[in-house]
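Below you'll find the structure, written out as structure tokens, and then a few comments.
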There are 2 protein chains.
Amino acid sequence: MTATPSPDSRPGSRPEARREPRRATTLAERKRQLVADELTEAALQALAQKGFDAVTVDEIATAAGVSKRTFFRYFASKEDVVVQFLAGMGADIRDALAARPAAERPSQALRHAVWVPLGQCADHGERALRVVRLILRTPALHARFLERQAAWRDDLAAELAHRLGLDAGTELYPRLAAAMALDAFDAVLHRWSADGCAEDPAALTDRAFAVVAPALDARAGRDA
Amino acid sequence: MTATPSPDSRPGSRPEARREPRRATTLAERKRQLVADELTEAALQALAQKGFDAVTVDEIATAAGVSKRTFFRYFASKEDVVVQFLAGMGADIRDALAARPAAERPSQALRHAVWVPLGQCADHGERALRVVRLILRTPALHARFLERQAAWRDDLAAELAHRLGLDAGTELYPRLAAAMALDAFDAVLHRWSADGCAEDPAALTDRAFAVVAPALDARAGRDA
DNA sequence: GCCTTGTATGACACTCAATGCCATGTTGAC
DNA sequence: GTCAACATGGCATTGAGTGTCATACAAGGC
């Protein structure tokens, strides 16, 4: 029981400064990362081309040169291999928010925070676009994506409450503000994937936050 | 192929004025409804008590007096039997919004629309509370719930765009406004299920909409 | 009455996701 | 060299979900 790596260790995500005080990555760790990358690559390739339901885990694993059993040692489910592609985003948004100046208005701080992963997507271009489209088009993936986003929201809400000195247990503002920021995120992602890169993601983000900003910055929402 | 009832016919949902110009329900239809109710009842009972993963579809079907195969003729998946309990809510919200006076501010119209299902939950009391808690506690159910809610949002956005004479294809406001209204819905549901009915749902709804209202009613969001 | 048609069901077989268990191979420390 | 830790593959098993077929039952038509 103790020996199992367990998919919770999330080998697909990058190191991130969590625990482990920056020890040099051992050989075994890099090997694990290599297999994870290989699996992700094979999965995205096959899934994007043939559709989520038309590809079996066995096929993905074989294409990556491992057994089906090994696949499940790296990813908790077939959905995971796709959704984990966006794994670190939640933490990225939260960390970005924490790094913004304390005096900044919530709408500005959240806009910058949410832009971090959106900018990454925009940079990765075609590759990210294919993944996003696959997720939005496949119900099972979309459901898992939304579930993960709900976790982001709770995370963001906690950070926001801390930032503003509010009690997330009684105030509704932190949760709703986090949710609104992610609504903007979703709207941009959706429009971006639909238009096929036609509209500038940064401009889209500005437009989306212009809509939600009045609620984010209204003082009325934070005392009551 | 043509003869299959297919789970898409959603026997669990109430009649609703969709197609079928109000024909008297035939015997077979009521029989179907009876089996669906029996399955739903057996499922909610067992799932709430033993947990989602600890109950097999076979057990649910047997408890309802039918075969596993029949279960899947009524519900598309094990998650469906729970989530469909909240099936008509999306249409309810949309219809309620359509019924509000055209001059009403968006925040007020949406608050009333969202209150419809929330009020139903509050009325059903213990029963609804058990279902909501089960959904929020079970990842697989939560994911499906969020997916369904995304469909509500698109529906609501379309109605809102129509109501305000906006083009949902170019404007971001309809989608974001619908999303914010459902954020408030979620926040209320979450708080209500956590507190164990301690706080009045109606008052909670007012508080939640007080937070998002500035964005819903800001004229800036609707021209750009 | 009988016959036909449509629909609901159950039984069976099958695919595939996901997990547990065990045997084996590889790596690295001592 | 030995030993422990870990990664892997193979195998078996559970359970979700689907296709197929045979049966049963209801509603007409004659």
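Letters for chains follow the order of the structure tokens (A, B, ...), residue numbers begin at 1 for each chain, and ligand numbers begin at 1 in the order shown.
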Practice item. Identify all chain C residues at most 9 Å from chain A by counting only C-alpha atoms (C1' of nucleotides); ligands do not count. Present them as a ChimeraX atom specification. Key: /C:16-18,27
Check your understanding: So which residues touch segment 185-195 of chain B within 8 Å, counting only C-alpha atoms (C1' of nucleotides), skipping near sequence neighbours fewer than 2 positions away, as JSON, numbers by chain?
Key -> {"A": [172, 175, 176], "B": [114, 118, 129, 132, 133, 136, 181, 182, 183, 197, 198, 199, 201, 204, 205, 208]}
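Taking atom C1' of DC12 of chain C and atom CA of Ile60 of chain B as endpoints, the distance between them is 20.0 Å.
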Show me a table, sorted first by chain and then by increasing residue number, of the residues of chain B having an atom at most 7 Å from chain A, each with its shortest atom pair and the distance in Å to one decimal, counting only C-alpha atoms and written as CSV.
residue,atom,partner,partner_atom,distance
B:His142,CA,A:Glu147,CA,6.8
B:Ala143,CA,A:Ala143,CA,4.8
B:Arg144,CA,A:Ala143,CA,5.7
B:Leu146,CA,A:Leu146,CA,6.3
B:Glu147,CA,A:Ala143,CA,5.0
B:Leu172,CA,A:Ala208,CA,6.4
B:Tyr173,CA,A:Val211,CA,6.4
B:Leu176,CA,A:Asp183,CA,6.4
B:Ala179,CA,A:Asp183,CA,6.4
B:Met180,CA,A:Met180,CA,6.2
B:Asp183,CA,A:Ala179,CA,6.4
B:Ala184,CA,A:Leu176,CA,6.9
B:Ala208,CA,A:Leu172,CA,6.4
B:Ala210,CA,A:Gly221,CA,6.5
B:Val211,CA,A:Gly221,CA,4.5
B:Val212,CA,A:Ala215,CA,5.2
B:Ala213,CA,A:Ala215,CA,6.6
B:Pro214,CA,A:Ala215,CA,4.7
B:Ala215,CA,A:Ala215,CA,4.7
B:Ala218,CA,A:Pro214,CA,7.0
B:Gly221,CA,A:Val211,CA,4.4
Hey, what's within 12 Å of DC25 of chain D if we count only C-alpha atoms (C1' of nucleotides) and toss same-chain stuff fewer than 4 positions away? As a JSON list (two decimals) with N, CA, C and O atoms (P, O5', C5', C4', C3', O3' and C1' of nucleotides), in the first residue's frame, please?
[["chain", "number", "residue", "atom", "x", "y", "z"],
["B", 28, "ALA", "N", -49.60, 3.17, -20.84],
["B", 28, "ALA", "CA", -48.20, 2.79, -20.96],
["B", 28, "ALA", "C", -47.29, 3.89, -20.42],
["B", 28, "ALA", "O", -46.30, 3.62, -19.76],
["C", 5, "DT", "P", -47.84, -7.06, -39.01],
["C", 5, "DT", "O5'", -47.68, -5.65, -38.29],
["C", 5, "DT", "C5'", -48.86, -4.90, -37.90],
["C", 5, "DT", "C4'", -48.53, -4.09, -36.68],
["C", 5, "DT", "C3'", -47.02, -3.84, -36.46],
["C", 5, "DT", "O3'", -46.81, -2.48, -36.15],
["C", 5, "DT", "C1'", -47.99, -4.70, -34.50],
["C", 6, "DG", "P", -45.31, -1.85, -36.17],
["C", 6, "DG", "O5'", -45.23, -1.11, -34.77],
["C", 6, "DG", "C5'", -46.41, -0.50, -34.22],
["C", 6, "DG", "C4'", -46.27, -0.39, -32.71],
["C", 6, "DG", "C3'", -44.84, -0.04, -32.26],
["C", 6, "DG", "O3'", -44.91, 0.95, -31.24],
["C", 6, "DG", "C1'", -45.57, -2.04, -31.20],
["C", 7, "DT", "P", -43.58, 1.73, -30.80],
["C", 7, "DT", "O5'", -43.50, 1.36, -29.26],
["C", 7, "DT", "C5'", -44.70, 1.18, -28.50],
["C", 7, "DT", "C4'", -44.45, 0.30, -27.29],
["C", 7, "DT", "C3'", -43.07, 0.52, -26.64],
["C", 7, "DT", "O3'", -43.26, 0.74, -25.25],
["C", 7, "DT", "C1'", -43.49, -1.76, -26.94],
["C", 8, "DA", "P", -42.05, 1.33, -24.37],
["C", 8, "DA", "O5'", -41.94, 0.26, -23.20],
["C", 8, "DA", "C5'", -43.13, -0.27, -22.61],
["C", 8, "DA", "C4'", -42.76, -1.47, -21.76],
["C", 8, "DA", "C3'", -41.41, -1.34, -21.05],
["C", 8, "DA", "O3'", -41.54, -1.73, -19.69],
["C", 8, "DA", "C1'", -41.44, -3.31, -22.36],
["C", 9, "DT", "P", -40.30, -1.58, -18.71],
["C", 9, "DT", "O5'", -39.70, -3.05, -18.66],
["C", 9, "DT", "C5'", -40.58, -4.13, -18.38],
["C", 9, "DT", "C4'", -39.94, -5.45, -18.71],
["C", 9, "DT", "C3'", -38.55, -5.68, -18.11],
["C", 9, "DT", "O3'", -38.68, -6.47, -16.94],
["C", 9, "DT", "C1'", -38.79, -6.56, -20.34]]
Onto chain B, please fit chain A by least squares using all C-alpha atoms in order, then return the transformed chain as a compact mmCIF listing (two decimals) with C-alpha atoms, in the first residue's frame.
# COMPACT_ATOMS: atom_id res chain seq x y z
CA MET A 1 -33.04 1.12 -33.70
CA THR A 2 -36.25 3.07 -33.99
CA ALA A 3 -38.00 1.08 -31.34
CA THR A 4 -35.56 1.84 -28.56
CA PRO A 5 -37.07 4.27 -26.08
CA SER A 6 -33.59 5.72 -25.52
CA PRO A 7 -32.80 7.44 -22.25
CA ASP A 8 -32.93 10.75 -24.07
CA SER A 9 -36.68 10.77 -23.73
CA ARG A 10 -36.05 11.46 -20.06
CA PRO A 11 -39.00 9.64 -18.53
CA GLY A 12 -38.06 11.00 -15.12
CA SER A 13 -38.91 14.57 -16.00
CA ARG A 14 -42.39 15.85 -15.72
CA PRO A 15 -44.52 16.31 -18.84
CA GLU A 16 -43.79 19.99 -19.45
CA ALA A 17 -45.50 21.81 -22.27
CA ARG A 18 -43.00 21.01 -25.01
CA ARG A 19 -44.38 19.00 -27.87
CA GLU A 20 -47.46 16.82 -27.44
CA PRO A 21 -50.39 19.28 -27.26
CA ARG A 22 -51.53 18.24 -23.82
CA ARG A 23 -52.82 14.78 -24.81
CA ALA A 24 -54.13 12.78 -21.90
CA THR A 25 -51.28 10.62 -20.61
CA THR A 26 -51.78 7.11 -21.85
CA LEU A 27 -51.56 4.09 -19.59
CA ALA A 28 -48.19 3.06 -20.93
CA GLU A 29 -46.76 6.47 -20.19
CA ARG A 30 -47.94 6.41 -16.62
CA LYS A 31 -46.51 2.93 -16.25
CA ARG A 32 -43.16 4.15 -17.48
CA GLN A 33 -43.30 7.01 -15.05
CA LEU A 34 -44.04 4.59 -12.26
CA VAL A 35 -40.98 2.50 -12.98
CA ALA A 36 -38.83 5.62 -13.29
CA ASP A 37 -40.05 6.87 -9.93
CA GLU A 38 -39.43 3.51 -8.34
CA LEU A 39 -35.89 3.45 -9.69
CA THR A 40 -35.19 7.01 -8.57
CA GLU A 41 -36.50 6.27 -5.12
CA ALA A 42 -34.46 3.11 -4.73
CA ALA A 43 -31.35 4.82 -6.05
CA LEU A 44 -31.53 7.91 -3.83
CA GLN A 45 -32.23 5.77 -0.82
CA ALA A 46 -29.31 3.43 -1.36
CA LEU A 47 -26.82 5.99 -2.66
CA ALA A 48 -27.43 8.49 0.12
CA GLN A 49 -27.01 5.79 2.70
CA LYS A 50 -24.08 3.76 1.43
CA GLY A 51 -22.28 6.20 -0.84
CA PHE A 52 -22.11 6.41 -4.60
CA ASP A 53 -19.34 3.91 -5.21
CA ALA A 54 -20.56 1.35 -2.73
CA VAL A 55 -23.81 0.75 -4.60
CA THR A 56 -24.01 -1.12 -7.90
CA VAL A 57 -26.58 -0.53 -10.58
CA ASP A 58 -27.62 -4.13 -10.11
CA GLU A 59 -28.54 -3.44 -6.51
CA ILE A 60 -30.57 -0.37 -7.42
CA ALA A 61 -32.42 -2.20 -10.16
CA THR A 62 -33.12 -5.22 -7.99
CA ALA A 63 -34.38 -2.98 -5.18
CA ALA A 64 -36.77 -1.39 -7.67
CA GLY A 65 -37.87 -4.80 -8.92
CA VAL A 66 -36.44 -4.62 -12.42
CA SER A 67 -33.34 -5.89 -14.17
CA LYS A 68 -30.11 -4.02 -14.58
CA ARG A 69 -30.75 -3.88 -18.31
CA THR A 70 -34.02 -2.07 -17.73
CA PHE A 71 -32.31 0.48 -15.53
CA PHE A 72 -30.24 1.60 -18.47
CA ARG A 73 -33.36 1.91 -20.59
CA TYR A 74 -34.52 4.60 -18.19
CA PHE A 75 -31.27 6.33 -17.29
CA ALA A 76 -28.21 6.86 -19.42
CA SER A 77 -25.83 6.28 -16.55
CA LYS A 78 -25.58 5.71 -12.84
CA GLU A 79 -25.01 9.44 -12.36
CA ASP A 80 -28.10 10.28 -14.36
CA VAL A 81 -30.55 8.81 -11.91
CA VAL A 82 -29.41 11.33 -9.33
CA VAL A 83 -28.78 14.36 -11.52
CA GLN A 84 -32.10 13.99 -13.33
CA PHE A 85 -33.74 14.66 -10.03
CA LEU A 86 -32.83 18.26 -10.88
CA ALA A 87 -33.66 17.80 -14.53
CA GLY A 88 -36.33 20.33 -15.27
CA MET A 89 -34.64 23.11 -13.34
CA GLY A 90 -32.80 24.50 -16.32
CA ALA A 91 -35.97 24.89 -18.33
CA ASP A 92 -37.76 26.23 -15.27
CA ILE A 93 -35.23 29.00 -14.84
CA ARG A 94 -35.35 29.93 -18.49
CA ASP A 95 -39.14 29.94 -18.61
CA ALA A 96 -39.32 31.97 -15.43
CA LEU A 97 -36.97 34.53 -16.92
CA ALA A 98 -39.04 34.71 -20.08
CA ALA A 99 -42.13 35.36 -17.96
CA ARG A 100 -40.65 38.35 -16.13
CA PRO A 101 -41.69 41.85 -17.30
CA ALA A 102 -39.44 43.16 -20.03
CA ALA A 103 -38.72 46.41 -18.24
CA GLU A 104 -37.38 44.70 -15.13
CA ARG A 105 -33.71 45.07 -14.37
CA PRO A 106 -31.65 41.97 -15.23
CA SER A 107 -30.62 41.41 -11.63
CA GLN A 108 -34.23 41.35 -10.48
CA ALA A 109 -35.47 39.19 -13.33
CA LEU A 110 -32.64 36.70 -12.88
CA ARG A 111 -33.07 36.61 -9.14
CA HIS A 112 -36.71 35.67 -9.53
CA ALA A 113 -35.88 33.13 -12.21
CA VAL A 114 -33.20 31.44 -10.14
CA TRP A 115 -35.43 31.40 -7.10
CA VAL A 116 -37.89 29.03 -8.76
CA PRO A 117 -35.78 25.88 -8.36
CA LEU A 118 -34.28 27.10 -5.09
CA GLY A 119 -37.73 27.56 -3.69
CA GLN A 120 -38.63 24.05 -4.78
CA CYS A 121 -35.57 22.73 -2.97
CA ALA A 122 -36.41 24.68 0.14
CA ASP A 123 -39.93 23.29 0.07
CA HIS A 124 -38.90 19.70 -0.40
CA GLY A 125 -36.75 20.15 2.67
CA GLU A 126 -35.00 17.08 3.93
CA ARG A 127 -35.37 15.11 0.72
CA ALA A 128 -33.81 17.75 -1.50
CA LEU A 129 -31.13 18.40 1.06
CA ARG A 130 -30.03 14.77 0.99
CA VAL A 131 -29.77 14.79 -2.80
CA VAL A 132 -27.85 18.06 -2.90
CA ARG A 133 -25.41 16.85 -0.29
CA LEU A 134 -24.91 13.59 -2.13
CA ILE A 135 -24.11 15.48 -5.33
CA LEU A 136 -21.74 17.97 -3.72
CA ARG A 137 -19.96 15.20 -1.83
CA THR A 138 -19.49 12.80 -4.76
CA PRO A 139 -16.96 13.92 -7.39
CA ALA A 140 -18.54 11.95 -10.22
CA LEU A 141 -21.96 13.41 -9.47
CA HIS A 142 -20.63 16.90 -8.96
CA ALA A 143 -18.94 16.78 -12.34
CA ARG A 144 -22.15 15.72 -14.07
CA PHE A 145 -24.10 18.35 -12.21
CA LEU A 146 -21.74 21.08 -13.35
CA GLU A 147 -21.94 19.83 -16.90
CA ARG A 148 -25.69 20.05 -16.83
CA GLN A 149 -25.48 23.50 -15.34
CA ALA A 150 -23.31 24.61 -18.23
CA ALA A 151 -26.19 23.68 -20.50
CA TRP A 152 -28.53 25.73 -18.32
CA ARG A 153 -26.17 28.67 -18.67
CA ASP A 154 -26.17 28.52 -22.46
CA ASP A 155 -29.94 28.27 -22.42
CA LEU A 156 -30.26 31.19 -20.05
CA ALA A 157 -27.78 33.24 -22.04
CA ALA A 158 -29.82 32.76 -25.20
CA GLU A 159 -33.01 33.82 -23.44
CA LEU A 160 -31.27 36.82 -21.93
CA ALA A 161 -29.84 37.88 -25.29
CA HIS A 162 -33.28 37.63 -26.83
CA ARG A 163 -34.77 39.58 -23.95
CA LEU A 164 -32.30 42.43 -24.30
CA GLY A 165 -32.01 42.33 -28.06
CA LEU A 166 -28.33 41.46 -27.97
CA ASP A 167 -26.34 39.18 -30.23
CA ALA A 168 -25.01 36.30 -28.16
CA GLY A 169 -22.47 35.62 -30.88
CA THR A 170 -20.58 38.85 -30.38
CA GLU A 171 -21.56 40.20 -26.95
CA LEU A 172 -20.06 38.64 -23.86
CA TYR A 173 -22.71 40.01 -21.52
CA PRO A 174 -25.43 37.38 -22.01
CA ARG A 175 -23.17 34.45 -21.28
CA LEU A 176 -21.48 36.15 -18.34
CA ALA A 177 -24.74 37.37 -16.85
CA ALA A 178 -26.22 33.89 -17.04
CA ALA A 179 -23.07 32.48 -15.50
CA MET A 180 -23.18 34.99 -12.65
CA ALA A 181 -26.80 34.17 -11.90
CA LEU A 182 -25.89 30.51 -11.69
CA ASP A 183 -22.90 31.36 -9.53
CA ALA A 184 -25.37 32.87 -7.10
CA PHE A 185 -27.49 29.74 -7.42
CA ASP A 186 -24.49 27.56 -6.62
CA ALA A 187 -23.41 29.69 -3.71
CA VAL A 188 -26.85 29.50 -2.15
CA LEU A 189 -27.08 25.77 -2.72
CA HIS A 190 -23.65 25.23 -1.24
CA ARG A 191 -24.26 27.34 1.83
CA TRP A 192 -27.70 25.91 2.32
CA SER A 193 -26.48 22.31 2.20
CA ALA A 194 -23.58 23.10 4.51
CA ASP A 195 -25.49 24.96 7.17
CA GLY A 196 -28.19 22.34 7.29
CA CYS A 197 -31.07 24.68 6.63
CA ALA A 198 -29.80 27.06 9.26
CA GLU A 199 -30.03 30.14 7.06
CA ASP A 200 -33.11 31.16 5.15
CA PRO A 201 -32.64 30.31 1.45
CA ALA A 202 -34.58 33.37 0.30
CA ALA A 203 -32.41 35.70 2.35
CA LEU A 204 -29.31 33.93 1.11
CA THR A 205 -30.45 34.39 -2.47
CA ASP A 206 -30.95 38.10 -1.86
CA ARG A 207 -27.48 38.43 -0.40
CA ALA A 208 -25.89 36.55 -3.28
CA PHE A 209 -27.63 38.67 -5.89
CA ALA A 210 -26.68 41.82 -4.04
CA VAL A 211 -23.08 40.88 -4.80
CA VAL A 212 -23.46 40.18 -8.50
CA ALA A 213 -26.14 42.78 -9.25
CA PRO A 214 -23.78 45.68 -9.97
CA ALA A 215 -22.40 43.77 -12.94
CA LEU A 216 -25.79 42.48 -14.07
CA ASP A 217 -27.33 45.95 -14.14
CA ALA A 218 -24.34 47.96 -15.32
CA ARG A 219 -25.13 49.40 -18.67
CA ALA A 220 -21.43 49.42 -19.56
CA GLY A 221 -21.40 45.68 -19.99
CA ARG A 222 -24.05 45.72 -22.68
CA ASP A 223 -22.67 48.18 -25.15
CA ALA A 224 -19.08 48.11 -26.28
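Selected on chain D by distance to chain A: D:DA5, D:DC6, D:DA7, D:DT8, D:DG9 (within 9 Å, counting only C-alpha atoms (C1' of nucleotides)).
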With N, CA, C and O atoms (P, O5', C5', C4', C3', O3' and C1' of nucleotides) retained, export the selected residues as a short mmCIF file (atom, residue, chain, number, x, y, z; two decimals), in the first residue's frame.
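Result went into result00.cif, see below:
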data_model
loop_
_atom_site.label_atom_id
_atom_site.label_comp_id
_atom_site.auth_asym_id
_atom_site.auth_seq_id
_atom_site.Cartn_x
_atom_site.Cartn_y
_atom_site.Cartn_z
P DA D 5 12.66 -0.75 1.94
"O5'" DA D 5 12.52 0.09 0.60
"C5'" DA D 5 13.51 1.05 0.27
"C4'" DA D 5 13.27 1.58 -1.15
"C3'" DA D 5 11.78 1.73 -1.47
"O3'" DA D 5 11.57 2.98 -2.10
"C1'" DA D 5 12.85 0.36 -3.09
P DC D 6 10.07 3.52 -2.34
"O5'" DC D 6 9.98 3.46 -3.93
"C5'" DC D 6 11.10 3.82 -4.72
"C4'" DC D 6 11.01 3.22 -6.10
"C3'" DC D 6 9.61 3.29 -6.72
"O3'" DC D 6 9.69 3.94 -7.97
"C1'" DC D 6 10.56 1.15 -7.01
P DA D 7 8.35 4.50 -8.67
"O5'" DA D 7 8.45 3.88 -10.12
"C5'" DA D 7 9.72 3.69 -10.72
"C4'" DA D 7 9.62 2.71 -11.86
"C3'" DA D 7 8.27 2.74 -12.58
"O3'" DA D 7 8.48 2.72 -13.98
"C1'" DA D 7 8.70 0.54 -11.80
P DT D 8 7.25 2.89 -14.97
"O5'" DT D 8 6.95 1.39 -15.43
"C5'" DT D 8 8.01 0.61 -15.93
"C4'" DT D 8 7.61 -0.84 -16.03
"C3'" DT D 8 6.26 -1.11 -16.71
"O3'" DT D 8 6.51 -1.58 -18.03
"C1'" DT D 8 6.65 -2.53 -14.82
P DG D 9 5.25 -1.75 -19.04
"O5'" DG D 9 4.92 -3.31 -18.88
"C5'" DG D 9 5.98 -4.24 -18.85
"C4'" DG D 9 5.44 -5.63 -18.57
"C3'" DG D 9 4.12 -5.95 -19.30
"O3'" DG D 9 4.21 -7.25 -19.86
"C1'" DG D 9 3.85 -6.25 -16.96
#
Exercise for review: Extract the full set of helix (DSSP H, G or I) residues from chain A according to DSSP on the backbone, and format it as a ChimeraX atom specification.
Suggested key: /A:7-9,27-50,57-64,68-74,80-86,89-99,106-124,126-137,139-164,173-195,201-217,219-222
Writer output for current selection, C-alpha atoms, as a short mmCIF file (atom, residue, chain, number, x, y, z; two decimals), in the first residue's frame:
data_model
loop_
_atom_site.label_atom_id
_atom_site.label_comp_id
_atom_site.auth_asym_id
_atom_site.auth_seq_id
_atom_site.Cartn_x
_atom_site.Cartn_y
_atom_site.Cartn_z
CA PRO A 7 -1.84 8.90 -9.41
CA ASP A 8 -2.31 11.58 -6.79
CA SER A 9 1.35 12.43 -7.02
CA LEU A 27 17.12 10.17 -12.41
CA ALA A 28 14.07 8.17 -11.47
CA GLU A 29 11.97 11.30 -11.33
CA ARG A 30 13.03 12.41 -14.76
CA LYS A 31 12.31 8.93 -16.06
CA ARG A 32 8.82 9.09 -14.63
CA GLN A 33 8.32 12.46 -16.23
CA LEU A 34 9.44 11.05 -19.53
CA VAL A 35 6.88 8.27 -19.45
CA ALA A 36 4.17 10.71 -18.39
CA ASP A 37 5.01 13.00 -21.29
CA GLU A 38 5.02 10.12 -23.71
CA LEU A 39 1.60 9.01 -22.50
CA THR A 40 0.18 12.52 -22.67
CA GLU A 41 1.50 12.98 -26.16
CA ALA A 42 0.12 9.69 -27.41
CA ALA A 43 -3.23 10.34 -25.77
CA LEU A 44 -3.73 13.87 -27.09
CA GLN A 45 -2.70 12.77 -30.55
CA ALA A 46 -5.09 9.84 -30.70
CA LEU A 47 -8.00 11.43 -28.84
CA ALA A 48 -7.98 14.63 -30.85
CA GLN A 49 -7.93 12.66 -34.06
CA LYS A 50 -10.36 9.83 -33.43
CA VAL A 57 -6.69 3.17 -22.90
CA ASP A 58 -4.98 0.09 -24.26
CA GLU A 59 -4.33 1.86 -27.54
CA ILE A 60 -2.91 4.93 -25.81
CA ALA A 61 -0.66 2.85 -23.60
CA THR A 62 0.56 0.71 -26.47
CA ALA A 63 1.27 3.80 -28.57
CA ALA A 64 3.37 5.14 -25.69
CA LYS A 68 -2.43 -0.47 -19.86
CA ARG A 69 -1.72 -1.18 -16.21
CA THR A 70 1.11 1.33 -16.23
CA PHE A 71 -1.14 3.97 -17.72
CA PHE A 72 -3.30 3.85 -14.64
CA ARG A 73 -0.24 4.21 -12.44
CA TYR A 74 0.29 7.61 -14.03
CA ASP A 80 -7.24 12.69 -16.39
CA VAL A 81 -4.63 12.43 -19.09
CA VAL A 82 -6.31 15.26 -20.95
CA VAL A 83 -7.46 17.42 -18.06
CA GLN A 84 -4.08 17.26 -16.33
CA PHE A 85 -2.72 19.08 -19.30
CA LEU A 86 -4.29 22.08 -17.57
CA MET A 89 -3.41 26.38 -13.88
CA GLY A 90 -5.40 26.56 -10.69
CA ALA A 91 -2.31 27.03 -8.57
CA ASP A 92 -0.91 29.45 -11.14
CA ILE A 93 -3.96 31.68 -10.89
CA ARG A 94 -3.91 31.63 -7.12
CA ASP A 95 -0.20 32.36 -6.92
CA ALA A 96 -0.52 35.15 -9.45
CA LEU A 97 -3.28 36.71 -7.41
CA ALA A 98 -1.19 36.47 -4.26
CA ALA A 99 1.64 38.25 -6.06
CA PRO A 106 -10.02 43.12 -7.22
CA SER A 107 -11.03 43.32 -10.87
CA GLN A 108 -7.51 44.28 -11.91
CA ALA A 109 -5.78 41.75 -9.69
CA LEU A 110 -8.08 38.94 -10.83
CA ARG A 111 -7.75 39.92 -14.46
CA HIS A 112 -3.98 39.66 -14.25
CA ALA A 113 -4.21 36.39 -12.34
CA VAL A 114 -6.56 34.80 -14.84
CA TRP A 115 -4.47 36.00 -17.73
CA VAL A 116 -1.53 33.82 -16.69
CA PRO A 117 -2.99 30.52 -17.94
CA LEU A 118 -4.80 32.23 -20.82
CA GLY A 119 -1.55 33.71 -21.97
CA GLN A 120 0.06 30.29 -21.81
CA CYS A 121 -2.73 28.91 -23.97
CA ALA A 122 -2.39 31.73 -26.45
CA ASP A 123 1.34 31.09 -26.66
CA HIS A 124 1.05 27.37 -27.17
CA GLU A 126 -2.38 25.24 -32.12
CA ARG A 127 -1.53 22.63 -29.53
CA ALA A 128 -3.51 24.24 -26.72
CA LEU A 129 -6.34 24.98 -29.09
CA ARG A 130 -6.70 21.31 -29.99
CA VAL A 131 -6.85 20.30 -26.34
CA VAL A 132 -9.38 22.98 -25.43
CA ARG A 133 -11.60 22.03 -28.33
CA LEU A 134 -11.39 18.36 -27.41
CA ILE A 135 -12.45 19.16 -23.85
CA LEU A 136 -15.31 21.46 -24.81
CA ARG A 137 -16.57 18.98 -27.40
CA PRO A 139 -19.08 15.73 -22.43
CA ALA A 140 -17.06 13.45 -20.18
CA LEU A 141 -14.02 15.70 -20.44
CA HIS A 142 -16.03 18.87 -20.05
CA ALA A 143 -17.57 17.54 -16.86
CA ARG A 144 -14.16 16.73 -15.40
CA PHE A 145 -12.82 20.08 -16.46
CA LEU A 146 -15.64 21.90 -14.70
CA GLU A 147 -15.10 19.83 -11.59
CA ARG A 148 -11.47 20.81 -11.52
CA GLN A 149 -12.39 24.41 -12.07
CA ALA A 150 -14.66 24.27 -9.04
CA ALA A 151 -11.59 23.38 -7.02
CA TRP A 152 -9.76 26.35 -8.53
CA ARG A 153 -12.65 28.56 -7.49
CA ASP A 154 -12.51 27.44 -3.87
CA ASP A 155 -8.77 27.97 -3.89
CA LEU A 156 -9.10 31.41 -5.40
CA ALA A 157 -11.87 32.33 -3.00
CA ALA A 158 -9.68 31.46 -0.03
CA GLU A 159 -6.83 33.56 -1.38
CA LEU A 160 -9.18 36.44 -2.10
CA ALA A 161 -10.68 36.28 1.38
CA HIS A 162 -7.21 36.33 2.88
CA ARG A 163 -6.23 39.22 0.65
CA LEU A 164 -9.20 41.33 1.67
CA TYR A 173 -18.20 37.85 -1.87
CA PRO A 174 -15.00 35.78 -2.02
CA ARG A 175 -16.66 32.75 -3.53
CA LEU A 176 -18.73 34.78 -5.96
CA ALA A 177 -15.83 36.98 -7.01
CA ALA A 178 -13.68 33.93 -7.70
CA ALA A 179 -16.53 32.38 -9.63
CA MET A 180 -17.01 35.51 -11.72
CA ALA A 181 -13.33 35.65 -12.57
CA LEU A 182 -13.50 32.07 -13.76
CA ASP A 183 -16.66 32.84 -15.69
CA ALA A 184 -14.62 35.39 -17.58
CA PHE A 185 -11.90 32.77 -18.04
CA ASP A 186 -14.43 30.32 -19.45
CA ALA A 187 -16.00 32.87 -21.73
CA VAL A 188 -12.64 33.77 -23.20
CA LEU A 189 -11.67 30.15 -23.62
CA HIS A 190 -14.96 29.35 -25.27
CA ARG A 191 -14.87 32.25 -27.67
CA TRP A 192 -11.23 31.72 -28.43
CA SER A 193 -11.71 28.05 -29.28
CA ALA A 194 -14.78 28.81 -31.37
CA ASP A 195 -13.35 31.64 -33.41
CA PRO A 201 -7.24 36.64 -26.33
CA ALA A 202 -5.91 39.62 -24.38
CA ALA A 203 -8.56 41.92 -25.81
CA LEU A 204 -11.21 39.30 -25.14
CA THR A 205 -10.08 39.04 -21.54
CA ASP A 206 -10.34 42.80 -21.15
CA ARG A 207 -13.85 42.79 -22.55
CA ALA A 208 -14.94 39.96 -20.29
CA PHE A 209 -13.58 41.63 -17.19
CA ALA A 210 -15.20 44.89 -18.18
CA VAL A 211 -18.52 43.09 -17.77
CA VAL A 212 -17.89 41.55 -14.37
CA ALA A 213 -15.76 44.34 -12.90
CA PRO A 214 -18.63 46.42 -11.51
CA ALA A 215 -19.51 43.57 -9.17
CA LEU A 216 -15.90 42.74 -8.34
CA ASP A 217 -15.08 46.30 -7.33
CA ARG A 219 -17.78 47.95 -2.11
CA ALA A 220 -21.38 47.00 -1.34
CA GLY A 221 -20.66 43.34 -1.89
CA ARG A 222 -17.98 43.21 0.77
#
